[in-house]
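Text of the file entry.txt, holding compact mmCIF, C-alpha atoms:
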# COMPACT_ATOMS: atom_id res chain seq x y z
CA MET I 30 98.99 113.35 89.24
CA SER I 31 96.80 114.17 92.25
CA ASP I 32 98.10 117.33 93.91
CA LEU I 33 94.60 118.70 94.63
CA VAL I 34 92.75 115.81 96.27
CA GLY I 35 95.65 113.54 97.25
CA LEU I 36 96.45 109.94 96.50
CA GLY I 37 93.84 107.23 96.53
CA GLU I 38 93.60 103.48 96.34
CA SER I 39 95.28 101.56 93.58
CA ASP I 40 93.34 101.14 90.36
CA ALA I 41 94.95 97.77 89.69
CA ASP I 42 91.99 95.90 91.18
CA HIS I 43 88.69 96.84 89.57
CA ARG I 44 85.88 96.99 92.09
CA TRP I 45 82.12 96.71 91.71
CA ILE I 46 80.08 98.13 94.57
CA GLY I 47 83.06 97.91 96.91
CA VAL I 48 84.27 94.40 96.02
CA ARG I 49 86.53 93.00 93.33
CA ARG I 50 85.05 91.09 90.41
CA HIS I 51 86.17 87.64 91.45
CA GLN I 52 84.92 88.32 94.99
CA ALA I 53 81.47 89.18 93.66
CA ALA I 54 81.46 86.01 91.52
CA LEU I 55 82.50 83.81 94.46
CA ILE I 56 79.93 85.36 96.78
CA VAL I 57 77.13 84.87 94.25
CA MET I 58 78.16 81.25 93.64
CA GLY I 59 78.46 80.48 97.36
CA ILE I 60 75.14 82.05 98.28
CA GLY I 61 73.52 80.26 95.34
CA LEU I 62 74.70 76.86 96.60
CA LEU I 63 73.64 77.64 100.17
CA SER I 64 70.21 78.78 98.97
CA GLU I 65 69.85 75.63 96.89
CA TRP I 66 70.55 73.48 99.94
CA LEU I 67 68.25 75.54 102.13
CA PHE I 68 65.19 75.42 99.85
CA SER I 69 65.66 72.02 98.24
CA PRO I 70 64.78 69.05 100.49
CA SER I 71 66.86 66.62 98.40
CA ALA I 72 70.03 68.71 98.21
CA PRO I 73 73.10 66.91 99.59
CA MET I 74 75.02 68.17 102.61
CA SER I 75 78.09 68.63 100.43
CA GLU I 76 76.48 71.72 98.90
CA VAL I 77 76.69 73.47 102.27
CA LEU I 78 80.37 72.66 102.62
CA VAL I 79 81.17 73.72 99.07
CA GLY I 80 79.14 76.91 99.43
CA LEU I 81 80.86 77.87 102.68
CA ALA I 82 84.26 77.13 101.14
CA ILE I 83 83.52 79.34 98.14
CA VAL I 84 82.31 82.22 100.32
CA THR I 85 85.39 81.85 102.52
CA CYS I 86 87.62 82.17 99.46
CA ALA I 87 86.17 85.65 98.89
CA VAL I 88 87.25 86.92 102.34
CA PRO I 89 90.12 89.46 102.09
CA THR I 90 93.30 88.86 104.09
CA HIS I 91 95.87 91.19 105.60
CA ASP I 92 98.12 91.15 102.52
CA GLY I 93 95.52 92.57 100.13
CA LEU I 94 94.68 89.19 98.57
CA THR I 95 91.58 87.16 99.22
CA ALA I 96 91.74 83.77 100.92
CA GLY I 97 91.19 82.08 97.56
CA GLU I 98 94.07 83.99 95.97
CA GLN I 99 96.32 83.09 98.89
CA LEU I 100 95.43 79.44 98.39
CA VAL I 101 96.25 79.61 94.67
CA VAL I 102 99.59 81.31 95.39
CA ALA I 103 100.50 78.64 97.96
CA LEU I 104 99.60 75.80 95.55
CA ARG I 105 101.66 77.33 92.75
CA TYR I 106 104.59 77.74 95.11
CA VAL I 107 104.43 74.06 96.09
CA ILE I 108 104.27 72.61 92.57
CA ARG I 109 106.76 74.85 90.72
CA SER I 110 110.54 74.68 90.74
CA HIS I 111 112.18 76.94 93.32
CA TRP I 112 115.36 77.46 91.30
CA SER I 113 115.67 80.22 88.72
CA ALA I 114 118.48 82.03 86.95
CA ILE I 115 119.14 85.63 85.95
CA SER I 116 121.63 86.41 83.18
CA ALA I 117 123.03 89.72 81.96
CA LEU I 118 125.28 90.82 79.13
CA GLU I 119 126.96 94.20 78.81
CA LEU I 120 126.89 95.63 75.28
CA GLY I 121 128.98 98.75 75.64
CA ASP I 122 126.95 101.15 77.75
CA ASP I 123 123.84 98.99 77.44
CA VAL I 124 122.79 95.99 79.53
CA ALA I 125 120.75 93.06 78.21
CA LEU I 126 118.98 91.22 81.02
CA TRP I 127 117.19 87.85 80.98
CA ALA I 128 114.89 86.98 83.89
CA ASN I 129 111.56 85.41 82.90
CA GLY I 130 111.67 87.79 79.98
CA ASP I 131 114.35 89.78 78.21
CA VAL I 132 114.88 93.51 78.38
CA ALA I 133 117.64 95.92 77.35
CA PHE I 134 118.32 99.19 79.14
CA ARG I 135 121.00 101.76 79.78
CA GLY I 136 121.93 102.57 83.37
CA TYR I 137 122.73 106.04 84.70
CA GLU I 138 124.09 106.90 88.13
CA LEU I 139 123.01 110.00 90.02
CA VAL I 140 125.73 112.44 91.01
CA HIS I 141 125.04 112.62 94.74
CA ARG I 142 125.72 115.78 96.70
CA GLY I 143 125.26 114.24 100.12
CA ARG I 144 122.65 112.04 101.78
CA LEU I 145 120.36 114.98 102.47
CA ASP I 146 120.53 117.47 99.59
CA LEU I 147 119.42 120.80 101.07
CA SER I 148 120.14 122.78 97.89
CA GLY I 149 116.84 121.82 96.28
CA ARG I 150 118.46 119.50 93.80
CA ASP I 151 116.09 116.68 94.76
CA VAL I 152 113.15 118.79 93.54
CA ILE I 153 114.94 119.48 90.26
CA ASN I 154 115.61 115.76 89.78
CA ALA I 155 111.96 114.91 90.47
CA GLU I 156 110.76 117.53 87.98
CA ALA I 157 113.17 116.17 85.35
CA LEU I 158 111.80 112.65 85.80
CA GLN I 159 108.26 114.01 85.61
CA ALA I 160 109.12 115.71 82.30
CA LEU I 161 110.62 112.41 81.11
CA ALA I 162 107.36 110.58 81.89
CA ASP I 163 105.25 113.25 80.17
CA ALA I 164 107.40 112.99 77.04
CA ALA I 165 107.08 109.18 77.08
CA GLY I 166 103.32 109.48 77.41
CA ALA I 167 103.15 111.32 74.09
CA THR I 168 104.61 108.33 72.23
CA ARG I 169 102.53 105.57 70.67
CA ALA I 170 104.06 102.70 72.62
CA GLY I 171 104.78 104.25 76.02
CA GLN I 172 107.94 103.47 77.99
CA HIS I 173 109.14 101.77 81.15
CA PHE I 174 111.87 103.16 83.38
CA SER I 175 112.94 102.53 86.94
CA GLU I 176 114.92 104.21 89.71
CA HIS I 177 116.88 102.20 92.27
CA VAL I 178 118.35 103.43 95.57
CA PHE I 179 121.05 100.93 96.47
CA GLN I 180 122.81 100.95 99.85
CA VAL I 181 126.18 99.39 100.62
CA ASP I 182 127.33 99.97 104.22
CA ASP I 183 127.06 103.75 104.67
CA HIS I 184 127.26 104.59 100.97
CA VAL I 185 124.10 105.16 98.94
CA SER I 186 123.96 105.11 95.13
CA THR I 187 121.03 105.80 92.81
CA LEU I 188 120.55 104.11 89.46
CA LEU I 189 118.19 105.21 86.69
CA ALA I 190 117.38 102.48 84.12
CA LEU I 191 116.12 103.96 80.84
CA PRO I 192 115.19 102.35 77.51
CA ILE I 193 118.00 102.43 74.96
CA GLY I 194 117.92 105.66 72.99
CA VAL I 195 116.22 107.75 75.69
CA PRO I 196 118.55 110.51 76.94
CA ALA I 197 119.05 110.89 80.69
CA PRO I 198 118.23 114.16 82.48
CA ASP I 199 120.99 116.44 83.72
CA GLY I 200 122.86 115.22 86.79
CA TRP I 201 123.10 111.57 85.72
CA ILE I 202 126.20 109.81 84.38
CA LYS I 203 126.53 106.41 82.69
CA GLY I 204 126.74 103.59 85.23
CA SER I 205 126.61 100.07 83.80
CA ASP I 206 128.79 98.79 86.67
CA LEU I 207 126.24 100.02 89.21
CA ALA I 208 123.51 98.28 87.22
CA ARG I 209 125.25 94.92 87.74
CA ARG I 210 125.50 95.54 91.47
CA VAL I 211 121.81 96.45 91.69
CA ILE I 212 120.89 93.24 89.88
CA GLY I 213 122.98 91.25 92.38
CA PHE I 214 126.00 90.17 90.33
CA GLU I 215 129.36 89.89 92.04
CA ASP I 216 132.59 90.58 90.11
CA GLU I 217 132.27 89.42 86.49
CA ALA I 218 129.76 86.59 86.99
CA PRO I 219 127.55 86.23 83.86
CA SER I 220 124.55 84.82 85.72
CA LEU I 221 122.90 84.65 89.12
CA ARG I 222 121.14 81.62 90.62
CA LEU I 223 118.16 82.21 92.91
CA LEU I 224 116.60 79.80 95.39
CA GLU I 225 113.08 80.85 96.27
CA ARG I 226 111.69 80.30 99.74
CA PHE I 227 108.16 81.20 100.77
CA SER I 228 109.12 84.49 102.43
CA TYR I 229 112.53 85.33 100.93
CA VAL I 230 114.99 84.63 98.13
CA ARG I 231 118.45 83.17 98.64
CA THR I 232 121.31 84.37 96.42
CA PRO I 233 124.90 83.05 96.52
CA GLU I 234 125.88 85.93 98.81
CA GLN I 235 122.88 86.74 101.00
CA LEU I 236 119.17 86.47 101.75
CA VAL I 237 116.74 88.98 100.27
CA ARG I 238 113.14 89.73 101.23
CA VAL I 239 111.06 91.88 98.89
CA TYR I 240 108.14 94.00 100.12
CA ARG I 241 105.74 95.88 97.87
CA VAL I 242 104.05 99.14 98.83
CA ARG I 243 100.31 98.71 98.41
CA ASP I 244 99.18 102.32 98.86
CA PHE I 245 100.12 105.65 100.46
CA ASN I 246 96.69 106.61 101.78
CA SER I 247 97.76 107.10 105.38
CA VAL I 248 100.88 109.19 104.67
CA PRO I 249 100.37 112.74 106.03
CA SER I 250 100.26 115.39 103.31
CA THR I 251 103.10 117.28 105.01
CA ARG I 252 105.57 114.41 104.53
CA GLY I 253 107.24 112.83 101.54
CA LEU I 254 105.71 109.50 100.57
CA LEU I 255 108.89 107.49 101.20
CA ASP I 256 110.79 110.02 103.28
CA GLN I 257 110.38 108.35 106.68
CA VAL I 258 111.18 104.86 105.40
CA LEU I 259 114.38 105.97 103.67
CA LYS I 260 115.51 107.63 106.90
CA SER I 261 115.04 104.47 108.94
CA SER I 262 117.99 102.73 110.54
CA THR I 263 117.13 99.44 108.79
CA PRO I 264 119.39 98.90 105.73
CA LEU I 265 117.17 98.60 102.69
CA ASP I 266 117.08 99.14 98.94
CA LEU I 267 114.33 100.90 97.04
CA ALA I 268 113.08 100.14 93.52
CA LEU I 269 110.60 102.53 91.91
CA HIS I 270 109.16 101.35 88.57
CA VAL I 271 107.18 103.61 86.27
CA ASP I 272 105.32 102.16 83.29
CA VAL I 273 104.10 105.06 81.14
CA VAL I 274 100.92 104.36 79.19
CA SER I 275 100.77 105.63 75.62
CA GLY I 276 98.72 108.78 75.06
CA ALA I 277 95.69 107.39 73.21
CA ARG I 278 95.35 104.40 75.53
CA ALA I 279 95.83 106.63 78.59
CA GLN I 280 92.87 108.78 77.61
CA ARG I 281 90.67 105.70 77.08
CA LEU I 282 91.67 104.20 80.44
CA SER I 283 91.17 107.41 82.41
CA ALA I 284 87.77 108.07 80.82
CA ARG I 285 86.72 104.44 81.37
CA ALA I 286 87.67 104.63 85.05
CA VAL I 287 85.49 107.70 85.58
CA HIS I 288 82.60 106.04 83.77
CA ARG I 289 83.00 102.82 85.75
CA VAL I 290 82.99 104.56 89.13
CA GLY I 291 80.06 106.72 88.10
CA SER I 292 78.08 103.67 86.98
CA ASP I 293 78.87 101.82 90.20
CA ASP I 294 77.70 104.83 92.18
CA ALA I 295 74.43 104.96 90.22
CA THR I 296 73.90 101.22 90.81
CA SER I 297 74.59 101.62 94.53
CA ARG I 298 72.11 104.48 94.80
CA ALA I 299 69.50 102.46 92.93
CA VAL I 300 69.62 99.68 95.53
CA GLY I 301 69.47 102.12 98.44
CA PHE I 302 73.13 102.81 99.31
CA ARG I 303 74.36 106.36 99.67
CA ARG I 304 77.69 107.62 98.36
CA THR I 305 80.29 107.67 101.11
CA ALA I 306 82.91 110.37 101.59
CA ARG I 307 85.54 107.86 100.51
CA ALA I 308 83.70 107.11 97.26
CA THR I 309 83.20 110.83 96.60
CA ARG I 310 86.91 111.51 97.06
CA ASN I 311 87.80 108.62 94.77
CA PHE I 312 85.47 109.92 92.05
CA GLU I 313 86.96 113.42 92.33
CA ARG I 314 90.46 111.99 92.06
CA LEU I 315 89.61 110.00 88.92
CA ALA I 316 87.89 113.00 87.33
CA GLN I 317 90.93 115.15 88.10
CA ARG I 318 93.20 112.51 86.59
CA GLU I 319 91.10 112.40 83.42
CA GLY I 320 91.50 116.17 83.07
CA LEU I 321 95.26 116.00 83.59
CA VAL I 322 95.66 113.24 81.00
CA ALA I 323 93.55 115.22 78.53
CA SER I 324 95.86 118.22 79.06
CA GLY I 325 98.95 116.18 78.14
CA ARG I 326 100.15 114.75 81.43
CA ALA I 327 101.34 111.13 81.52
CA LEU I 328 99.27 108.27 82.92
CA MET I 329 101.58 105.90 84.77
CA ARG I 330 101.47 102.52 86.44
CA VAL I 331 103.74 102.80 89.47
CA ALA I 332 105.20 100.00 91.60
CA VAL I 333 107.40 100.52 94.66
CA PHE I 334 109.47 97.66 96.08
CA LEU I 335 111.51 97.67 99.30
CA LEU I 336 114.32 95.11 99.61
CA VAL I 337 115.83 93.94 102.88
CA ARG I 338 119.12 92.01 102.70
CA ALA I 339 120.86 90.03 105.43
CA PRO I 340 123.53 87.31 105.73
CA SER I 341 121.36 85.06 107.94
CA LEU I 342 117.69 84.23 108.34
CA GLU I 343 117.57 85.49 111.95
CA GLU I 344 118.95 88.87 110.97
CA LEU I 345 116.62 89.01 107.97
CA GLN I 346 113.63 88.44 110.26
CA GLN I 347 114.76 91.21 112.59
CA ARG I 348 115.34 93.71 109.80
CA GLY I 349 112.06 92.80 108.12
CA SER I 350 110.08 93.26 111.34
CA ALA I 351 111.75 96.62 111.98
CA LEU I 352 110.95 97.80 108.45
CA TRP I 353 107.34 96.66 108.77
CA ARG I 354 106.86 98.62 112.01
CA HIS I 355 108.59 101.70 110.65
CA ALA I 356 106.56 101.66 107.43
CA HIS I 357 103.33 101.26 109.43
CA ASP I 358 104.24 104.25 111.60
CA ALA I 359 105.01 106.26 108.46
CA GLY I 360 101.57 105.50 106.99
CA LEU I 361 102.62 102.96 104.34
CA ARG I 362 100.81 99.68 103.75
CA LEU I 363 103.20 96.93 102.71
CA GLU I 364 102.60 93.49 101.23
CA ARG I 365 104.85 90.62 102.35
CA GLY I 366 104.55 88.63 99.14
CA GLY I 367 104.50 85.13 100.62
CA GLY I 368 105.01 82.65 97.77
CA LEU I 369 105.74 85.49 95.33
CA GLN I 370 109.28 86.40 96.33
CA ALA I 371 111.04 85.20 93.16
CA ARG I 372 108.44 86.92 90.99
CA TRP I 373 108.77 90.18 92.88
CA TYR I 374 112.57 89.97 92.83
CA ARG I 375 112.49 89.75 89.03
CA ALA I 376 109.86 92.49 88.78
CA GLN I 377 111.98 94.97 90.75
CA LEU I 378 115.11 94.49 88.61
CA PRO I 379 116.26 97.40 86.40
CA GLY I 380 114.19 97.60 83.24
CA GLY I 381 111.40 95.46 84.69
CA PRO I 382 112.01 92.06 83.00
CA GLY I 383 109.38 90.47 85.24
CA TRP I 384 106.62 92.87 84.13
What do you get writing this file as structure tokens?
Amino acid sequence: MSDLVGLGESDADHRWIGVRRHQAALIVMGIGLLSEWLFSPSAPMSEVLVGLAIVTCAVPTHDGLTAGEQLVVALRYVIRSHWSAISALELGDDVALWANGDVAFRGYELVHRGRLDLSGRDVINAEALQALADAAGATRAGQHFSEHVFQVDDHVSTLLALPIGVPAPDGWIKGSDLARRVIGFEDEAPSLRLLERFSYVRTPEQLVRVYRVRDFNSVPSTRGLLDQVLKSSTPLDLALHVDVVSGARAQRLSARAVHRVGSDDATSRAVGFRRTARATRNFERLAQREGLVASGRALMRVAVFLLVRAPSLEELQQRGSALWRHAHDAGLRLERGGGLQARWYRAQLPGGPGW
């Protein structure tokens, strides 16, 4: 979607003059309380404490969330049940999955030709998936599909989860058995029990920690976005989810994004701020995206999850730290998902039942 000017920041969090909406609201509220205490002789001292607390909640943290969001996540983690269940039922070649929502999909396994395919087949596969997304974007409802790279010892398998009725591209064969393994089922078990901890999820067989890729801004243009991470020595699984927005809605969203950024830029200039190079690049990227969507290309919401598995907590910590360092060196920004592990585990499952 952005071959000319490169990738930019995620559009998931709307920003107004450089800050997110709830940050702006918290800052205004906090400064208002502090100003009230400063200029009113009868204002209680509690206003200062409340005002400082509100402003502190707007401070961003290392994981992409603000301090207030981190507090809300921690409180929700404390008060909710830490046990959850995932159930699946095979209906011929189809799989019905229940995990905080129900979804049905058909799994296809990639016919691998080696770990490093030097014949150019990887490019052909990527172009086929791109054509699949463009076709889904022309529908009224849009579609959701996911690709999962699953590693067992030295063997790597790739699963493509498509909505029922959507044909798979060439080079993929039906693989409902692989779909069960990606979900986490062992043998013929009909369900899977999960125990959520703050920084990982415990299954009957192992511990799993889920990381989410926040953005790819620092990845050099000469490298593949996930190439260096997939070549790392740390055993990991990859889940790539693509939610294709329907054509009419995609055009509205892309045009609205350009208008929003343009309005924010005009507001910033009106109060004396100049447009930075980063803001200029972001505006060019959004304008380019609007043109591509208008020409028939698909607008997609993309989520990338990296899963680290280990039999013990000590080994899980070691593998997680190694992945974090390797991803940082490769230019990827990861989120640890403290207090969100069960939610992210469900979101990365084939078909996206947690979406």
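The gap separating atom CA of I:Leu188 from atom CA of I:Leu378 is 11.1 Å, in Å to one decimal.
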So that I can check the surroundings of I:Gly80, please list as a CSV table (one decimal) with C-alpha atoms, in the coordinates of the input every protein, DNA and RNA residue that reaches within 9 Å of it, counting all atoms listed in the file and ignoring chain neighbours fewer than 3 positions away.
chain,number,residue,atom,x,y,z
I,56,ILE,CA,79.9,85.4,96.8
I,58,MET,CA,78.2,81.2,93.6
I,59,GLY,CA,78.5,80.5,97.4
I,60,ILE,CA,75.1,82.0,98.3
I,61,GLY,CA,73.5,80.3,95.3
I,62,LEU,CA,74.7,76.9,96.6
I,63,LEU,CA,73.6,77.6,100.2
I,75,SER,CA,78.1,68.6,100.4
I,76,GLU,CA,76.5,71.7,98.9
I,77,VAL,CA,76.7,73.5,102.3
I,83,ILE,CA,83.5,79.3,98.1
I,84,VAL,CA,82.3,82.2,100.3
I,85,THR,CA,85.4,81.8,102.5
*asked:* I want to know what sits within 7 Å of I:Phe179, based on all atoms listed in the file, with residues of the same chain fewer than 5 positions away left out; could you give that as a list in words?
replied: Val185, Ser186, Thr187, Val211, Asp266 and Leu267 of chain I
*Test item: residues at most 6 Å from stretch 325-340 of chain I, all atoms listed in the file, excluding those fewer than 4 positions along its chain, as a list in words*: Asp163, Gly166, Gln235, Leu236, Val237, Arg238, Val239, Tyr240, Arg241, Val242, Leu265, Asp266, Leu267, Ala268, Leu269, His270, Val271, Asp272, Val273, Val274, Ala279, Leu321, Glu344 and Leu345 of chain I
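Each of I:Gly380, I:Leu158, I:Gly360, I:Leu352 was compared to I:Ile193 using only C-alpha atoms, and I:Gly380 turns out to be the nearest.
Atom pair atom CA of I:Ala316 / atom CA of I:Leu363 has a distance of 27.0 Å (rounded to one decimal).
For the pair atom CA of I:Pro198 and atom CA of I:Ser175, the interatomic distance is 13.5 Å.
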*asked:* Please determine, counting only C-alpha atoms, which residue among I:Arg209, I:Gly276, I:Glu225, I:Arg105 has the shortest atom-to-atom distance to I:Ala164.
replied: I:Gly276
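In terms of minimum interatomic distance to I:His111, I:Gln370 ranks closest within I:Gln370, I:Thr305, I:Gln347, I:Ser247, counting all atoms listed in the file.
Remark: for I:His51, the closest of the candidate residues I:Gly97, I:Gly366, I:Gly204, I:Pro70 is I:Gly97 (distances computed over only C-alpha atoms).
Nearest residue to I:Tyr106 among I:Ala351, I:Leu369, I:Ala308, I:Ala277 is I:Leu369, counting all atoms listed in the file.
Distances from I:Ala160, I:Leu118, I:Leu104, I:Ala133 to I:Leu221 were compared using all atoms listed in the file, and the smallest one belongs to I:Leu118.
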